[in-house]
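Student: Structure file my_file29.cif, mmCIF, C-alpha atoms, is pasted below:
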data_target
loop_
_atom_site.group_PDB
_atom_site.id
_atom_site.type_symbol
_atom_site.label_atom_id
_atom_site.label_comp_id
_atom_site.auth_asym_id
_atom_site.auth_seq_id
_atom_site.Cartn_x
_atom_site.Cartn_y
_atom_site.Cartn_z
ATOM 1 C CA MET A 1 81.502 86.492 87.126
ATOM 2 C CA SER A 2 78.254 85.239 88.533
ATOM 3 C CA THR A 3 75.476 83.659 86.592
ATOM 4 C CA GLU A 4 71.919 83.605 87.732
ATOM 5 C CA THR A 5 70.059 80.408 87.394
ATOM 6 C CA PRO A 6 66.305 80.338 87.106
ATOM 7 C CA ASP A 7 64.526 79.566 90.335
ATOM 8 C CA THR A 8 63.173 76.081 89.828
ATOM 9 C CA ASP A 9 61.139 76.224 93.014
ATOM 10 C CA ALA A 10 58.998 79.132 91.786
ATOM 11 C CA THR A 11 55.481 78.095 90.884
ATOM 12 C CA ASP A 12 53.620 79.388 87.892
ATOM 13 C CA GLU A 13 50.255 80.614 89.105
ATOM 14 C CA THR A 14 48.665 80.560 85.686
ATOM 15 C CA ASP A 15 46.658 77.435 84.991
ATOM 16 C CA PRO A 16 47.324 76.185 81.445
ATOM 17 C CA THR A 17 43.800 74.728 81.358
ATOM 18 C CA PRO A 18 41.471 77.473 82.591
ATOM 19 C CA ASP A 19 38.145 76.506 84.088
ATOM 20 C CA HIS A 20 35.478 77.789 81.731
ATOM 21 C CA THR A 21 32.599 76.256 83.652
ATOM 22 C CA LYS A 22 32.386 79.274 85.957
ATOM 23 C CA ASP A 23 31.990 81.669 83.033
ATOM 24 C CA HIS A 24 29.666 79.425 81.037
ATOM 25 C CA PRO A 25 27.257 77.426 83.184
ATOM 26 C CA ALA A 26 25.693 74.374 81.589
ATOM 27 C CA ALA A 27 22.692 75.113 79.419
ATOM 28 C CA PRO A 28 19.364 74.384 81.098
ATOM 29 C CA THR A 29 17.716 71.183 79.926
ATOM 30 C CA LEU A 30 13.969 70.728 80.043
ATOM 31 C CA THR A 31 12.277 67.646 78.641
ATOM 32 C CA VAL A 32 8.927 67.775 76.852
ATOM 33 C CA VAL A 33 6.996 64.503 76.857
ATOM 34 C CA ALA A 34 3.779 64.117 74.864
ATOM 35 C CA THR A 35 1.717 60.929 74.934
ATOM 36 C CA GLY A 36 -1.505 60.127 73.131
ATOM 37 C CA PRO A 37 -3.244 58.422 70.221
ATOM 38 C CA ALA A 38 -1.966 58.807 66.691
ATOM 39 C CA THR A 39 -2.736 57.376 63.282
ATOM 40 C CA PHE A 40 0.115 55.738 61.411
ATOM 41 C CA ALA A 41 0.012 55.607 57.610
ATOM 42 C CA ARG A 42 2.863 54.446 55.407
ATOM 43 C CA GLN A 43 2.920 53.896 51.669
ATOM 44 C CA ILE A 44 4.416 50.556 50.664
ATOM 45 C CA GLY A 45 5.671 50.042 47.129
ATOM 46 C CA GLU A 46 6.128 52.398 44.204
ATOM 47 C CA ASP A 47 4.186 50.791 41.383
ATOM 48 C CA ASP A 48 0.537 50.628 40.373
ATOM 49 C CA ALA A 49 -0.211 48.197 43.195
ATOM 50 C CA THR A 50 0.775 50.613 45.962
ATOM 51 C CA VAL A 51 -0.513 49.682 49.412
ATOM 52 C CA ILE A 52 -1.057 52.209 52.152
ATOM 53 C CA ALA A 53 -0.759 50.612 55.567
ATOM 54 C CA THR A 54 -2.899 52.401 58.159
ATOM 55 C CA HIS A 55 -3.190 51.590 61.850
ATOM 56 C CA GLN A 56 -5.638 53.545 63.963
ATOM 57 C CA ASP A 57 -5.151 54.599 67.568
ATOM 58 C CA VAL A 58 -1.501 53.828 68.025
ATOM 59 C CA GLU A 59 -0.276 55.119 71.398
ATOM 60 C CA VAL A 60 2.731 57.347 70.784
ATOM 61 C CA THR A 61 5.154 58.910 73.260
ATOM 62 C CA ILE A 62 7.390 61.695 71.963
ATOM 63 C CA GLU A 63 10.245 63.031 74.042
ATOM 64 C CA ARG A 64 12.355 66.064 73.196
ATOM 65 C CA ASP A 65 15.007 67.936 75.180
ATOM 66 C CA ILE A 66 14.944 71.730 75.102
ATOM 67 C CA THR A 67 18.227 73.468 75.896
ATOM 68 C CA ALA A 68 17.707 77.040 74.656
ATOM 69 C CA ALA A 69 15.085 79.769 74.921
ATOM 70 C CA GLU A 70 14.657 79.710 71.123
ATOM 71 C CA ASP A 71 13.712 76.018 71.265
ATOM 72 C CA PHE A 72 11.342 76.634 74.161
ATOM 73 C CA GLU A 73 9.585 79.443 72.301
ATOM 74 C CA LEU A 74 9.352 77.278 69.179
ATOM 75 C CA PHE A 75 7.420 74.586 71.015
ATOM 76 C CA LEU A 76 5.932 76.337 74.030
ATOM 77 C CA ASP A 77 5.135 80.023 74.134
ATOM 78 C CA PRO A 78 4.687 80.833 77.837
ATOM 79 C CA THR A 79 2.726 83.955 76.908
ATOM 80 C CA PHE A 80 0.136 82.174 74.742
ATOM 81 C CA LYS A 81 -2.992 84.294 75.054
ATOM 82 C CA GLY A 82 -5.654 82.234 73.353
ATOM 83 C CA ARG A 83 -8.812 81.236 75.148
ATOM 84 C CA GLY A 84 -8.001 78.698 77.803
ATOM 85 C CA PRO A 85 -4.638 77.490 79.044
ATOM 86 C CA THR A 86 -1.236 79.135 78.840
ATOM 87 C CA VAL A 87 -0.086 76.722 76.150
ATOM 88 C CA CYS A 88 -1.868 75.244 73.154
ATOM 89 C CA LYS A 89 -1.445 71.505 73.697
ATOM 90 C CA THR A 90 -2.561 70.425 70.221
ATOM 91 C CA ALA A 91 -0.095 72.819 68.583
ATOM 92 C CA ILE A 92 2.717 71.390 70.727
ATOM 93 C CA VAL A 93 1.793 67.816 69.834
ATOM 94 C CA ASP A 94 1.486 68.587 66.121
ATOM 95 C CA ARG A 95 4.883 70.348 66.086
ATOM 96 C CA LEU A 96 6.526 67.455 67.915
ATOM 97 C CA LEU A 97 5.024 64.928 65.521
ATOM 98 C CA ALA A 98 6.105 66.996 62.519
ATOM 99 C CA THR A 99 9.690 67.581 63.632
ATOM 100 C CA HIS A 100 10.634 64.582 65.719
ATOM 101 C CA ALA A 101 11.299 62.108 62.898
ATOM 102 C CA MET A 102 7.877 60.539 63.330
ATOM 103 C CA ASP A 103 7.141 60.217 59.614
ATOM 104 C CA GLY A 104 3.819 58.599 59.030
ATOM 105 C CA TYR A 105 2.191 59.635 62.318
ATOM 106 C CA THR A 106 -0.572 62.203 62.694
ATOM 107 C CA ARG A 107 -2.385 63.184 65.876
ATOM 108 C CA ALA A 108 -5.658 61.403 66.541
ATOM 109 C CA GLY A 109 -8.259 62.070 69.190
ATOM 110 C CA GLU A 110 -9.289 65.240 70.963
ATOM 111 C CA GLN A 111 -6.964 67.599 72.829
ATOM 112 C CA ASP A 112 -7.855 65.944 76.144
ATOM 113 C CA SER A 113 -6.678 62.550 74.882
ATOM 114 C CA TRP A 114 -3.058 63.789 74.861
ATOM 115 C CA THR A 115 -0.873 64.620 77.840
ATOM 116 C CA VAL A 116 1.994 67.099 77.634
ATOM 117 C CA THR A 117 4.449 67.594 80.479
ATOM 118 C CA ILE A 118 7.683 69.549 80.737
ATOM 119 C CA THR A 119 10.159 68.408 83.355
ATOM 120 C CA GLY A 120 13.375 69.862 84.695
ATOM 121 C CA THR A 121 15.192 70.682 87.894
ATOM 122 C CA ALA A 122 14.489 73.926 89.763
ATOM 123 C CA ASP A 123 17.833 75.285 88.540
ATOM 124 C CA ASP A 124 17.031 74.392 84.923
ATOM 125 C CA TRP A 125 13.623 76.077 85.180
ATOM 126 C CA LYS A 126 15.167 79.187 86.714
ATOM 127 C CA GLN A 127 17.811 79.460 83.974
ATOM 128 C CA MET A 128 15.251 78.869 81.221
ATOM 129 C CA GLY A 129 12.800 81.346 82.739
ATOM 130 C CA LEU A 130 15.476 84.047 82.863
ATOM 131 C CA ALA A 131 16.632 83.230 79.317
ATOM 132 C CA LEU A 132 13.047 83.745 78.106
ATOM 133 C CA GLU A 133 12.935 87.172 79.775
ATOM 134 C CA PRO A 134 16.321 88.793 79.036
ATOM 135 C CA GLU A 135 17.487 92.081 80.502
ATOM 136 C CA GLY A 136 16.279 95.121 78.597
ATOM 137 C CA LYS A 137 13.043 93.498 77.417
ATOM 138 C CA LEU A 138 9.769 95.235 78.278
ATOM 139 C CA HIS A 139 8.000 93.132 80.891
ATOM 140 C CA ARG A 140 4.234 93.300 81.054
ATOM 141 C CA LYS A 141 4.061 91.872 84.598
ATOM 142 C CA GLY A 142 6.410 94.317 86.283
ATOM 143 C CA ASP A 143 10.144 93.708 86.499
ATOM 144 C CA ARG A 144 12.031 90.855 84.884
ATOM 145 C CA TYR A 145 11.938 88.529 87.904
ATOM 146 C CA SER A 146 8.234 89.078 88.542
ATOM 147 C CA THR A 147 7.529 88.214 84.909
ATOM 148 C CA VAL A 148 9.564 85.020 85.212
ATOM 149 C CA ILE A 149 7.799 83.826 88.372
ATOM 150 C CA TRP A 150 4.342 84.477 86.920
ATOM 151 C CA ASN A 151 5.261 82.689 83.676
ATOM 152 C CA LEU A 152 6.359 79.706 85.768
ATOM 153 C CA TYR A 153 3.193 79.972 87.848
ATOM 154 C CA SER A 154 0.975 79.956 84.740
ATOM 155 C CA LEU A 155 2.652 76.859 83.332
ATOM 156 C CA ALA A 156 2.451 75.047 86.680
ATOM 157 C CA ALA A 157 -1.183 76.076 87.261
ATOM 158 C CA ASP A 158 -2.090 74.587 83.872
ATOM 159 C CA GLY A 159 -0.549 71.281 84.958
ATOM 160 C CA VAL A 160 2.121 71.348 82.252
ATOM 161 C CA THR A 161 5.238 71.346 84.461
ATOM 162 C CA ASN A 162 6.745 69.336 87.268
ATOM 163 C CA ASP A 163 7.541 70.672 90.761
ATOM 164 C CA GLY A 164 10.855 72.101 89.525
ATOM 165 C CA ALA A 165 9.086 75.098 87.965
ATOM 166 C CA VAL A 166 7.307 75.976 91.221
ATOM 167 C CA LEU A 167 10.485 75.549 93.260
ATOM 168 C CA ALA A 168 12.345 77.807 90.806
ATOM 169 C CA ALA A 169 9.677 80.489 91.220
ATOM 170 C CA LEU A 170 9.855 80.233 95.025
ATOM 171 C CA ASP A 171 13.640 80.543 94.873
ATOM 172 C CA LEU A 172 13.383 83.693 92.718
ATOM 173 C CA ILE A 173 10.811 85.173 95.124
ATOM 174 C CA ASP A 174 13.255 84.699 98.012
ATOM 175 C CA GLN A 175 16.373 85.794 96.113
ATOM 176 C CA HIS A 176 14.893 89.018 94.755
ATOM 177 C CA GLU A 177 12.415 89.762 97.556
ATOM 178 C CA ILE A 178 9.486 89.786 95.157
ATOM 179 C CA ASP A 179 6.140 90.790 96.617
ATOM 180 C CA ALA A 180 4.169 87.634 95.825
ATOM 181 C CA SER A 181 2.097 85.265 97.903
ATOM 182 C CA ARG A 182 4.222 82.168 98.492
ATOM 183 C CA SER A 183 1.091 80.190 99.350
ATOM 184 C CA ARG A 184 -0.179 80.492 95.750
ATOM 185 C CA PHE A 185 2.930 78.622 94.655
ATOM 186 C CA THR A 186 3.059 76.100 97.497
ATOM 187 C CA ASP A 187 -0.627 75.282 96.874
ATOM 188 C CA LEU A 188 0.417 74.098 93.399
ATOM 189 C CA LEU A 189 2.889 71.700 94.993
ATOM 190 C CA LEU A 190 0.227 70.372 97.335
ATOM 191 C CA SER A 191 -2.354 69.943 94.567
ATOM 192 C CA GLU A 192 0.136 67.921 92.496
ATOM 193 C CA ASP A 193 0.807 65.696 95.499
ATOM 194 C CA ASP A 194 -2.946 65.165 95.951
ATOM 195 C CA ASP A 195 -3.277 63.903 92.370
ATOM 196 C CA THR A 196 -0.801 61.097 92.902
#
Starting from the file, lay out its structure as structure tokens.
Tutor:
Amino acid sequence: MSTETPDTDATDETDPTPDHTKDHPAAPTLTVVATGPATFARQIGEDDATVIATHQDVEVTIERDITAAEDFELFLDPTFKGRGPTVCKTAIVDRLLATHAMDGYTRAGEQDSWTVTITGTADDWKQMGLALEPEGKLHRKGDRYSTVIWNLYSLAADGVTNDGAVLAALDLIDQHEIDASRSRFTDLLLSEDDDT
């Protein structure tokens, strides 16, 4: 009578800890930074002798990470069609002040007294751009990828983004053979370099 013993040299090809990073790439992270003058007012005390402390022209820097299209659209609508730039800077600043635990601060000064920049790597910009223009959505600028590159172009042309947005657009142009003038995008890179 023979007994079979399990083959101890056989290897199990199933990995008990599967790699989920291939199926779920890291969420894109863009950082919005707004800097400018604000007025700080805080009520001190709760009786009849309440004092309100007010300081004019405090310089405030607000920084917020954006990791989802919903957050991006909440703060920055890339299709803003008011008169002027792609984004409404004062609306961005006011929303950041209202929601970023800055109790007591209100925006002071004109729109031009505040700077707003959005930074991220080319890969982060590409992922965010595609998330903002999902498959199946009607695209007013042609196909999905054309819409993404022109959204990125508009933001970069308004001086809101860093070079990552332009590089993401150039990468999409190459990847999807989009009929667009590369020089329009590279000129944005050169103009940013000239400002520094």
Student: Which residues, named as in the file, does the PyMOL selection byres ((chain A and resi 124) around 9) pick out? Answer as a list in words.
Tutor: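 After applying the PyMOL selection byres ((chain A and resi 124) around 9), what remains is Ala27, Pro28, Thr29, Leu30, Gly120, Thr121, Ala122, Asp123, Trp125, Lys126, Gln127, Met128, Gly129, Gly164, Ala165 and Ala168 of chain A.
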Student: CA of Ala34 (chain A) and CA of Leu96 (chain A) are how many Å apart?
Tutor: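 Going from CA of Ala34 (chain A) over to CA of Leu96 (chain A) covers 8.2 Å.
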Student: On this structure, which residues satisfy the PyMOL selection byres ((chain A and resi 95) around 12), written as a PyMOL selection string?
Tutor: chain A and resi 32+34+62+64+71+73-76+88-94+96-102+105-107
Student: Using C-alpha atoms, can you write the selected residues to a file as a short mmCIF file (atom, residue, chain, number, x, y, z; two decimals), in the coordinates of the input?
Tutor:
data_model
loop_
_atom_site.label_atom_id
_atom_site.label_comp_id
_atom_site.auth_asym_id
_atom_site.auth_seq_id
_atom_site.Cartn_x
_atom_site.Cartn_y
_atom_site.Cartn_z
CA VAL A 32 8.93 67.78 76.85
CA ALA A 34 3.78 64.12 74.86
CA ILE A 62 7.39 61.70 71.96
CA ARG A 64 12.36 66.06 73.20
CA ASP A 71 13.71 76.02 71.26
CA GLU A 73 9.59 79.44 72.30
CA LEU A 74 9.35 77.28 69.18
CA PHE A 75 7.42 74.59 71.02
CA LEU A 76 5.93 76.34 74.03
CA CYS A 88 -1.87 75.24 73.15
CA LYS A 89 -1.44 71.50 73.70
CA THR A 90 -2.56 70.42 70.22
CA ALA A 91 -0.10 72.82 68.58
CA ILE A 92 2.72 71.39 70.73
CA VAL A 93 1.79 67.82 69.83
CA ASP A 94 1.49 68.59 66.12
CA LEU A 96 6.53 67.46 67.92
CA LEU A 97 5.02 64.93 65.52
CA ALA A 98 6.10 67.00 62.52
CA THR A 99 9.69 67.58 63.63
CA HIS A 100 10.63 64.58 65.72
CA ALA A 101 11.30 62.11 62.90
CA MET A 102 7.88 60.54 63.33
CA TYR A 105 2.19 59.64 62.32
CA THR A 106 -0.57 62.20 62.69
CA ARG A 107 -2.38 63.18 65.88
#
Student: Within 12 Å of (-6.0, 61.3, 80.6) (file coordinates; all atoms listed in the file), which protein or nucleic acid residues are there? I'd like them as a short mmCIF file (atom, residue, chain, number, x, y, z; two decimals) with C-alpha atoms, keeping the file's coordinate frame.
Tutor:
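Output file selection_39.cif follows:
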data_model
loop_
_atom_site.label_atom_id
_atom_site.label_comp_id
_atom_site.auth_asym_id
_atom_site.auth_seq_id
_atom_site.Cartn_x
_atom_site.Cartn_y
_atom_site.Cartn_z
CA ALA A 34 3.78 64.12 74.86
CA THR A 35 1.72 60.93 74.93
CA GLY A 36 -1.50 60.13 73.13
CA PRO A 37 -3.24 58.42 70.22
CA GLY A 109 -8.26 62.07 69.19
CA GLU A 110 -9.29 65.24 70.96
CA GLN A 111 -6.96 67.60 72.83
CA ASP A 112 -7.86 65.94 76.14
CA SER A 113 -6.68 62.55 74.88
CA TRP A 114 -3.06 63.79 74.86
CA THR A 115 -0.87 64.62 77.84
CA VAL A 116 1.99 67.10 77.63
#
Student: Taking 4 positions as the minimum chain separation for residues in the same chain, which residues sit within 12 Å of region 169-174 of chain A when counting only C-alpha atoms? Answer as a PyMOL selection string.
Tutor: chain A and resi 121-130+144-156+163-165+178-189
Student: Can you tell me, as a ChimeraX atom specification, what residues are no more than 12 Å from Thr54 (chain A) when counting only C-alpha atoms, ignoring any on the same chain fewer than 2 positions away?
Tutor: /A:38-44,51-52,56-58,104-106
Student: Can you tell me how far CA of Ala68 (chain A) sits from CA of Gly136 (chain A), in Å to one decimal?
Tutor: 18.6 Å
Student: Tell me which of A:Val166, A:Ala26, A:Ala157, A:Leu132 sits closest to Asp77 (chain A), counting all atoms listed in the file.
Tutor: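 Among A:Val166, A:Ala26, A:Ala157, A:Leu132, it is A:Leu132 that comes nearest to Asp77 (chain A).
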Student: Go through A:Thr86, A:Thr67, A:Gln175, A:Thr117 and flag the residue nearest Val160 (chain A), using only C-alpha atoms for the distances.
Tutor: A:Thr117
Student: With all atoms listed in the file as the atoms that count, which of A:Phe72, A:Asp143, A:Lys137, A:Asn162 lies nearest to Ile118 (chain A)?
Tutor: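 Under the stated criterion, the closest residue is A:Asn162.
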Student: Find the residue from A:Asp158, A:Glu70, A:Asp65, A:Asp103 that sits nearest to Glu133 (chain A); use all atoms listed in the file when measuring.
Tutor: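 Residue with the minimum atom-to-atom distance to Glu133 (chain A): A:Glu70.
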Student: Work out how far apart CA of Gly159 (chain A) and CA of Val87 (chain A) are and give it in Å to one decimal.
Tutor: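 Calculated distance between CA of Gly159 (chain A) and CA of Val87 (chain A) is 10.4 Å.
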